[in-house]
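One structure is given below, encoded as structure tokens.
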Amino acid sequence: MERQRTRVQRRPVHGVLLLDKPLGLSSNQALQKAKWLLRADKAGHTGTLDPLATGVLPLCFGAATKFSQLHLDADKTYETTVRLGVRTSTADAEGEVIDTRPVTCTVGQVVEVLDRFMGEIDQVPPMHSALKKDGKALYEYARDGETVEREPRRVTVHDIELLDMQLQGEAPQLRLRVVCSKGTYIRTLGEDIGQALGCGGHLIALRRTATGPFDVSEATTLDALESMTDDQRLQALRPLADLLPGHERVTLDAEHAGRFLSGVRRRGDWPNRERVAVFGPSPTDPTQSVLLGTAHTQGGELIAGRLLSPTDIQQILEACEAQP
């Protein structure tokens, strides 16, 4: 007899959940589990983490998905372990071993090589990545045994900190903390560092500890989320405005707020700003403000970007009032 699936009653949920993604799950699998637990009708994530990787993954629910794209440009911080002396087909522990070499580098050589990878560098995206070529993900080509030409991409490594080092023994390795720009492939970085040391290498551990303003110390796990009550899960969500760090805050009165939400430009004495977070008075409590959307200012005009709908705003206010 076929087991009957439990039907989940979906509902509007708005906010950002900082998830500490577990090992072995794809970002989408983790998202779907959190979406099911919150019974949310709309959700998305702000960039992927490989199944091999753990760490902070901001998940956006409801109206927060309108601003998730803004977070893709954020700098990232990773802690990773590079196993030296062994190269694999995927540059990580999931691939087949394709080369082994003795590790003969010195501490001084390690420091010199790490310095070489600081600043702006060019990376060739790995075949085992979600980057698309001719509408097809590179990992799909790799799965079929194909290798395609990839253009190098310019990325920025802001800092590489050597946390631990073991150059002798059966498993020589480096443990690193890397602060980098969006689009940096840490697997490629680890493999390239191994090549530069003359022994090759591959990643055996990868953890994202920060993305933009979000730190893994503030994140919750799926197990913790599962053990929470429904109210506690909703309280674990952060406000939409947390996705807008570095945005200039502009607060409008009720009349201007209504017109702004209709897409009408507003005039004021604002200096030119590329990133603005616009707030207006709460319809239920004028002493409180509520996020209306993003904008930019030019020539004294406030020009709308991504806007919340009146329904979004009403649902957010109702959720705030319902919380104890």
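By convention in this document, the chains of the structure tokens carry letters A, B, ... by their order, each chain's residues are numbered from 1, and ligands are numbered from 1 in the order they are shown.
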Taking the chain letters and numbering used in this document, name the residues of region 84-263 of chain A that DSSP puts in strand (DSSP E or B), as a count of residues only.
59
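Checking A:Arg154, A:Arg306, A:His71, A:Arg259 one by one against Val276 (chain A), counting only C-alpha atoms, you find the shortest gap at A:Arg306.
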Name all residues at most 8 Å from region 253-257 of chain A (count only C-alpha atoms; drop same-chain ones fewer than 6 positions away) and give them as a ChimeraX atom specification.
/A:266,279-281,292
Keeping only N, CA and C atoms, take the residues you just selected and write them out as an mmCIF file, in the first residue's frame.
```cif
data_model
loop_
_atom_site.group_PDB
_atom_site.id
_atom_site.type_symbol
_atom_site.label_atom_id
_atom_site.label_comp_id
_atom_site.auth_asym_id
_atom_site.auth_seq_id
_atom_site.Cartn_x
_atom_site.Cartn_y
_atom_site.Cartn_z
ATOM 1 N N ARG A 266 9.789 60.748 -6.212
ATOM 2 C CA ARG A 266 9.607 61.768 -5.189
ATOM 3 C C ARG A 266 10.770 62.752 -5.255
ATOM 4 N N PHE A 279 11.839 53.687 3.704
ATOM 5 C CA PHE A 279 10.888 53.296 4.744
ATOM 6 C C PHE A 279 9.734 54.288 4.784
ATOM 7 N N GLY A 280 8.596 53.820 5.277
ATOM 8 C CA GLY A 280 7.431 54.678 5.481
ATOM 9 C C GLY A 280 6.753 54.316 6.782
ATOM 10 N N PRO A 281 5.765 55.106 7.220
ATOM 11 C CA PRO A 281 5.090 54.820 8.495
ATOM 12 C C PRO A 281 4.197 53.593 8.384
ATOM 13 N N LEU A 292 9.693 49.819 2.547
ATOM 14 C CA LEU A 292 8.869 49.906 1.340
ATOM 15 C C LEU A 292 9.575 49.313 0.119
#
```
Env of region 224-238 of chain A: 12 Å cut, atoms = only C-alpha atoms, seq-sep filter 5 positions within chain, self excluded. Answer as a PyMOL selection string.
chain A and resi 11-22+30+33-40+58-62+64+214+218-219+243-244+316+319-324
Using the selection just defined, write its residues with N, CA, C and O atoms as a short mmCIF file (atom, residue, chain, number, x, y, z; two decimals), in the first residue's frame.
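Once written, again-v3.cif looks like this:
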```
data_model
loop_
_atom_site.label_atom_id
_atom_site.label_comp_id
_atom_site.auth_asym_id
_atom_site.auth_seq_id
_atom_site.Cartn_x
_atom_site.Cartn_y
_atom_site.Cartn_z
N ARG A 11 1.75 29.06 3.49
CA ARG A 11 1.32 30.37 3.96
C ARG A 11 2.36 31.41 3.57
O ARG A 11 3.51 31.06 3.29
N PRO A 12 2.00 32.69 3.55
CA PRO A 12 2.99 33.73 3.26
C PRO A 12 3.93 33.91 4.46
O PRO A 12 3.48 34.09 5.59
N VAL A 13 5.21 33.79 4.20
CA VAL A 13 6.24 33.99 5.22
C VAL A 13 7.26 34.95 4.62
O VAL A 13 7.71 34.77 3.49
N HIS A 14 7.63 35.99 5.38
CA HIS A 14 8.56 37.01 4.88
C HIS A 14 9.73 37.16 5.85
O HIS A 14 9.53 37.36 7.05
N GLY A 15 10.95 37.06 5.33
CA GLY A 15 12.11 37.26 6.18
C GLY A 15 13.31 36.49 5.67
O GLY A 15 13.28 35.85 4.61
N VAL A 16 14.39 36.55 6.44
CA VAL A 16 15.66 35.92 6.08
C VAL A 16 16.04 34.94 7.18
O VAL A 16 16.05 35.30 8.36
N LEU A 17 16.34 33.72 6.79
CA LEU A 17 16.80 32.71 7.74
C LEU A 17 18.28 32.44 7.46
O LEU A 17 18.65 32.08 6.34
N LEU A 18 19.11 32.61 8.48
CA LEU A 18 20.52 32.26 8.35
C LEU A 18 20.66 30.79 8.71
O LEU A 18 20.53 30.41 9.87
N LEU A 19 20.93 29.97 7.71
CA LEU A 19 21.04 28.53 7.91
C LEU A 19 22.50 28.11 7.91
O LEU A 19 23.28 28.56 7.08
N ASP A 20 22.85 27.25 8.84
CA ASP A 20 24.16 26.59 8.83
C ASP A 20 23.98 25.29 8.05
O ASP A 20 23.54 24.29 8.60
N LYS A 21 24.27 25.35 6.75
CA LYS A 21 23.99 24.21 5.88
C LYS A 21 24.84 23.00 6.28
O LYS A 21 26.04 23.12 6.48
N PRO A 22 24.21 21.83 6.39
CA PRO A 22 24.97 20.64 6.78
C PRO A 22 25.74 20.03 5.60
O PRO A 22 25.45 20.31 4.44
N ALA A 30 18.61 21.90 1.13
CA ALA A 30 18.50 22.56 2.43
C ALA A 30 17.39 23.59 2.41
O ALA A 30 16.61 23.72 3.37
N LYS A 33 13.94 21.89 2.59
CA LYS A 33 13.64 21.39 3.93
C LYS A 33 13.20 22.54 4.84
O LYS A 33 12.19 22.42 5.58
N ALA A 34 13.93 23.66 4.79
CA ALA A 34 13.56 24.81 5.61
C ALA A 34 12.21 25.39 5.18
O ALA A 34 11.38 25.78 6.01
N LYS A 35 11.98 25.41 3.88
CA LYS A 35 10.70 25.92 3.35
C LYS A 35 9.54 25.05 3.84
O LYS A 35 8.48 25.58 4.21
N TRP A 36 9.75 23.74 3.87
CA TRP A 36 8.72 22.82 4.35
C TRP A 36 8.45 23.03 5.84
O TRP A 36 7.30 23.06 6.28
N LEU A 37 9.52 23.20 6.63
CA LEU A 37 9.37 23.39 8.07
C LEU A 37 8.64 24.70 8.38
O LEU A 37 7.87 24.78 9.35
N LEU A 38 8.89 25.74 7.59
CA LEU A 38 8.24 27.03 7.81
C LEU A 38 6.88 27.13 7.13
O LEU A 38 6.16 28.11 7.30
N ARG A 39 6.57 26.12 6.31
CA ARG A 39 5.32 26.10 5.54
C ARG A 39 5.21 27.34 4.65
O ARG A 39 4.14 27.90 4.45
N ALA A 40 6.34 27.78 4.12
CA ALA A 40 6.39 29.01 3.32
C ALA A 40 5.97 28.73 1.88
O ALA A 40 6.29 27.68 1.32
N PRO A 58 22.26 32.21 3.66
CA PRO A 58 21.04 32.99 3.88
C PRO A 58 19.91 32.51 2.97
O PRO A 58 20.09 32.42 1.76
N LEU A 59 18.78 32.20 3.57
CA LEU A 59 17.60 31.78 2.83
C LEU A 59 16.56 32.90 2.88
O LEU A 59 16.29 33.44 3.95
N CYS A 60 16.00 33.23 1.73
CA CYS A 60 15.04 34.33 1.65
C CYS A 60 13.63 33.79 1.46
O CYS A 60 13.40 32.93 0.60
N PHE A 61 12.71 34.32 2.23
CA PHE A 61 11.31 33.89 2.16
C PHE A 61 10.42 35.07 1.80
O PHE A 61 10.61 36.19 2.29
N GLY A 62 9.43 34.78 0.94
CA GLY A 62 8.45 35.80 0.57
C GLY A 62 9.08 37.01 -0.08
O GLY A 62 9.86 36.90 -1.03
N ALA A 64 11.43 38.83 0.79
CA ALA A 64 12.89 38.88 0.87
C ALA A 64 13.55 38.42 -0.42
O ALA A 64 14.67 38.82 -0.75
N PHE A 214 26.61 38.63 7.31
CA PHE A 214 26.08 37.47 8.04
C PHE A 214 27.20 36.53 8.45
O PHE A 214 28.01 36.09 7.62
N GLU A 218 25.67 33.26 13.94
CA GLU A 218 24.28 33.68 14.08
C GLU A 218 23.31 32.72 13.41
O GLU A 218 22.09 32.93 13.45
N ALA A 219 23.85 31.68 12.75
CA ALA A 219 23.02 30.79 11.95
C ALA A 219 22.43 29.67 12.79
O ALA A 219 22.95 29.31 13.86
N LEU A 243 19.07 42.47 4.53
CA LEU A 243 19.67 42.19 3.22
C LEU A 243 20.19 43.45 2.54
O LEU A 243 20.74 43.36 1.44
N LEU A 244 20.02 44.59 3.19
CA LEU A 244 20.37 45.86 2.56
C LEU A 244 21.45 46.62 3.32
O LEU A 244 21.32 47.83 3.57
N ILE A 316 3.57 41.36 6.58
CA ILE A 316 4.71 41.53 7.48
C ILE A 316 4.27 42.17 8.79
O ILE A 316 4.67 41.74 9.89
N ALA A 319 2.34 39.69 10.90
CA ALA A 319 3.23 38.71 11.51
C ALA A 319 3.94 39.31 12.72
O ALA A 319 4.11 38.63 13.75
N CYS A 320 4.33 40.57 12.63
CA CYS A 320 4.99 41.24 13.76
C CYS A 320 4.04 41.38 14.94
O CYS A 320 4.43 41.18 16.10
N GLU A 321 2.79 41.71 14.65
CA GLU A 321 1.81 41.87 15.72
C GLU A 321 1.46 40.55 16.38
O GLU A 321 1.14 40.50 17.58
N ALA A 322 1.55 39.46 15.61
CA ALA A 322 1.19 38.14 16.15
C ALA A 322 2.28 37.55 17.04
O ALA A 322 2.01 36.67 17.84
N GLN A 323 3.52 38.07 16.90
CA GLN A 323 4.62 37.53 17.70
C GLN A 323 4.50 37.99 19.15
O GLN A 323 4.16 39.16 19.40
N PRO A 324 4.80 37.09 20.09
CA PRO A 324 4.70 37.45 21.51
C PRO A 324 5.77 38.46 21.89
O PRO A 324 6.81 38.53 21.27
#
```
Could you name the residues that touch region 101-103 of chain A at 10 Å or less, counting only C-alpha atoms, but leaving out those on the same chain fewer than 6 positions away, as an mmCIF file with N, CA and C atoms, in the first residue's frame?
```
data_model
loop_
_atom_site.group_PDB
_atom_site.id
_atom_site.type_symbol
_atom_site.label_atom_id
_atom_site.label_comp_id
_atom_site.auth_asym_id
_atom_site.auth_seq_id
_atom_site.Cartn_x
_atom_site.Cartn_y
_atom_site.Cartn_z
ATOM 1 N N LEU A 84 47.583 18.081 0.735
ATOM 2 C CA LEU A 84 48.691 18.220 -0.203
ATOM 3 C C LEU A 84 49.169 16.864 -0.708
ATOM 4 N N GLY A 85 49.733 16.858 -1.919
ATOM 5 C CA GLY A 85 50.353 15.650 -2.460
ATOM 6 C C GLY A 85 49.423 14.762 -3.259
ATOM 7 N N VAL A 86 48.132 15.101 -3.309
ATOM 8 C CA VAL A 86 47.156 14.281 -4.029
ATOM 9 C C VAL A 86 46.240 15.188 -4.842
ATOM 10 N N ARG A 87 46.153 14.937 -6.144
ATOM 11 C CA ARG A 87 45.206 15.647 -7.001
ATOM 12 C C ARG A 87 44.048 14.723 -7.330
ATOM 13 N N LEU A 167 53.238 19.512 7.193
ATOM 14 C CA LEU A 167 53.931 19.183 5.950
ATOM 15 C C LEU A 167 54.539 17.783 5.970
ATOM 16 N N GLN A 168 54.485 17.128 7.119
ATOM 17 C CA GLN A 168 55.036 15.781 7.257
ATOM 18 C C GLN A 168 53.901 14.789 7.543
ATOM 19 N N GLY A 169 54.233 13.506 7.558
ATOM 20 C CA GLY A 169 53.270 12.484 7.930
ATOM 21 C C GLY A 169 52.474 11.964 6.748
ATOM 22 N N ALA A 171 49.295 12.488 5.970
ATOM 23 C CA ALA A 171 48.283 13.372 5.363
ATOM 24 C C ALA A 171 48.704 14.839 5.504
ATOM 25 N N PRO A 172 49.742 15.256 4.762
ATOM 26 C CA PRO A 172 50.159 16.663 4.836
ATOM 27 C C PRO A 172 49.049 17.584 4.350
ATOM 28 N N GLN A 173 48.860 18.689 5.045
ATOM 29 C CA GLN A 173 47.745 19.563 4.705
ATOM 30 C C GLN A 173 47.949 20.973 5.217
ATOM 31 N N GLY A 194 48.262 24.023 -4.367
ATOM 32 C CA GLY A 194 48.991 22.757 -4.385
ATOM 33 C C GLY A 194 49.920 22.652 -5.580
ATOM 34 N N LEU A 197 52.973 24.743 -5.157
ATOM 35 C CA LEU A 197 53.914 24.155 -4.197
ATOM 36 C C LEU A 197 54.644 22.940 -4.781
ATOM 37 N N GLY A 198 54.239 22.543 -5.996
ATOM 38 C CA GLY A 198 54.932 21.452 -6.685
ATOM 39 C C GLY A 198 54.473 20.057 -6.311
ATOM 40 N N CYS A 199 53.395 19.963 -5.519
ATOM 41 C CA CYS A 199 52.960 18.641 -5.068
ATOM 42 C C CYS A 199 51.485 18.365 -5.383
ATOM 43 N N GLY A 200 50.771 19.369 -5.829
ATOM 44 C CA GLY A 200 49.344 19.203 -6.065
ATOM 45 C C GLY A 200 48.556 19.189 -4.762
ATOM 46 N N GLY A 201 47.226 19.231 -4.884
ATOM 47 C CA GLY A 201 46.396 19.195 -3.680
ATOM 48 C C GLY A 201 44.927 19.212 -4.040
#
```
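Separating CA of Ala43 (chain A) from CA of Val264 (chain A) is a distance of 28.4 Å.
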Which neighbours of region 179-189 of chain A fall inside 10 Å, counting only C-alpha atoms, when residues of the same chain fewer than 5 positions from it are skipped, and could you give them as a ChimeraX atom specification?
/A:47,71-80,82,90-92,117-126,128-129,131,153-161,194-195,201-206,208-212
Selection from above, C-alpha atoms, as a short mmCIF file (atom, residue, chain, number, x, y, z; two decimals), in the first residue's frame, can you write it?
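Here's the written file part08.cif:
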```cif
data_model
loop_
_atom_site.label_atom_id
_atom_site.label_comp_id
_atom_site.auth_asym_id
_atom_site.auth_seq_id
_atom_site.Cartn_x
_atom_site.Cartn_y
_atom_site.Cartn_z
CA GLY A 47 24.01 31.75 -3.98
CA HIS A 71 23.46 39.78 -1.71
CA LEU A 72 25.17 37.80 -4.49
CA ASP A 73 27.83 40.51 -4.77
CA ALA A 74 28.84 40.20 -1.11
CA ASP A 75 32.34 39.12 -0.08
CA LYS A 76 32.65 35.65 1.45
CA THR A 77 34.84 34.11 4.16
CA TYR A 78 35.75 30.41 4.12
CA GLU A 79 37.75 28.03 6.25
CA THR A 80 39.17 25.19 4.22
CA VAL A 82 43.82 21.47 1.50
CA THR A 90 37.08 17.26 -9.03
CA ALA A 91 39.67 19.13 -6.89
CA ASP A 92 37.87 17.83 -3.80
CA PHE A 117 47.49 34.26 -4.49
CA MET A 118 46.50 37.48 -2.71
CA GLY A 119 44.82 40.33 -4.57
CA GLU A 120 43.30 40.09 -8.03
CA ILE A 121 43.88 36.71 -9.65
CA ASP A 122 42.56 34.85 -12.68
CA GLN A 123 40.78 31.53 -12.14
CA VAL A 124 39.66 28.97 -14.67
CA PRO A 125 36.25 27.73 -13.41
CA PRO A 126 36.29 24.02 -12.55
CA HIS A 128 32.54 20.40 -11.66
CA SER A 129 30.68 23.69 -11.17
CA LEU A 131 28.56 27.71 -14.30
CA ARG A 153 37.62 34.88 -14.57
CA ARG A 154 39.12 37.73 -12.56
CA VAL A 155 38.37 37.43 -8.82
CA THR A 156 39.81 39.09 -5.72
CA VAL A 157 41.32 37.29 -2.73
CA HIS A 158 41.36 39.89 0.03
CA ASP A 159 43.17 37.75 2.60
CA ILE A 160 44.56 34.25 3.13
CA GLU A 161 45.35 33.33 6.73
CA GLY A 194 48.99 22.76 -4.38
CA GLN A 195 50.27 23.05 -7.96
CA GLY A 201 46.40 19.19 -3.68
CA HIS A 202 42.66 18.99 -3.23
CA LEU A 203 40.06 20.19 -0.73
CA ILE A 204 38.98 17.81 2.01
CA ALA A 205 36.91 20.33 4.01
CA LEU A 206 35.17 23.63 3.24
CA ARG A 208 31.69 29.26 4.80
CA THR A 209 31.91 31.28 7.98
CA ALA A 210 30.60 34.60 6.67
CA THR A 211 28.84 36.11 3.69
CA GLY A 212 28.45 39.87 3.61
#
```
According to DSSP computed on the backbone, where in region 55-292 of chain A is there helix (DSSP H, G or I)? Give the residues as JSON, numbers by chain.
{"A": [62, 63, 64, 65, 66, 67, 68, 69, 70, 71, 107, 108, 109, 110, 111, 112, 113, 114, 115, 116, 138, 139, 140, 141, 142, 143, 186, 187, 188, 189, 190, 191, 192, 193, 194, 195, 196, 216, 217, 218, 222, 223, 224, 225, 226, 227, 230, 231, 232, 233, 234, 235, 240, 241, 242, 243, 254, 255, 256, 257, 258, 259, 260, 261]}
Here is a test: counting only C-alpha atoms, which residue of A:Asp192, A:Glu94, A:Asp99, A:Glu151 is nearest to Val113 (chain A)?
A:Asp192
Give me the residues within 9 Å of Val107 (chain A) as a ChimeraX atom specification, counting only C-alpha atoms and dropping any in the same chain fewer than 3 places off.
/A:110-112,165,167
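The residue that comes closest to Leu31 (chain A), out of A:Leu49, A:Leu174, A:Leu291, A:Leu261 and on the basis of only C-alpha atoms, is A:Leu49.
Of the listed residues (A:Ser89, A:Leu222, A:Ala53, A:Thr251), A:Leu222 comes nearest to Gln32 (chain A); the distances count only C-alpha atoms.
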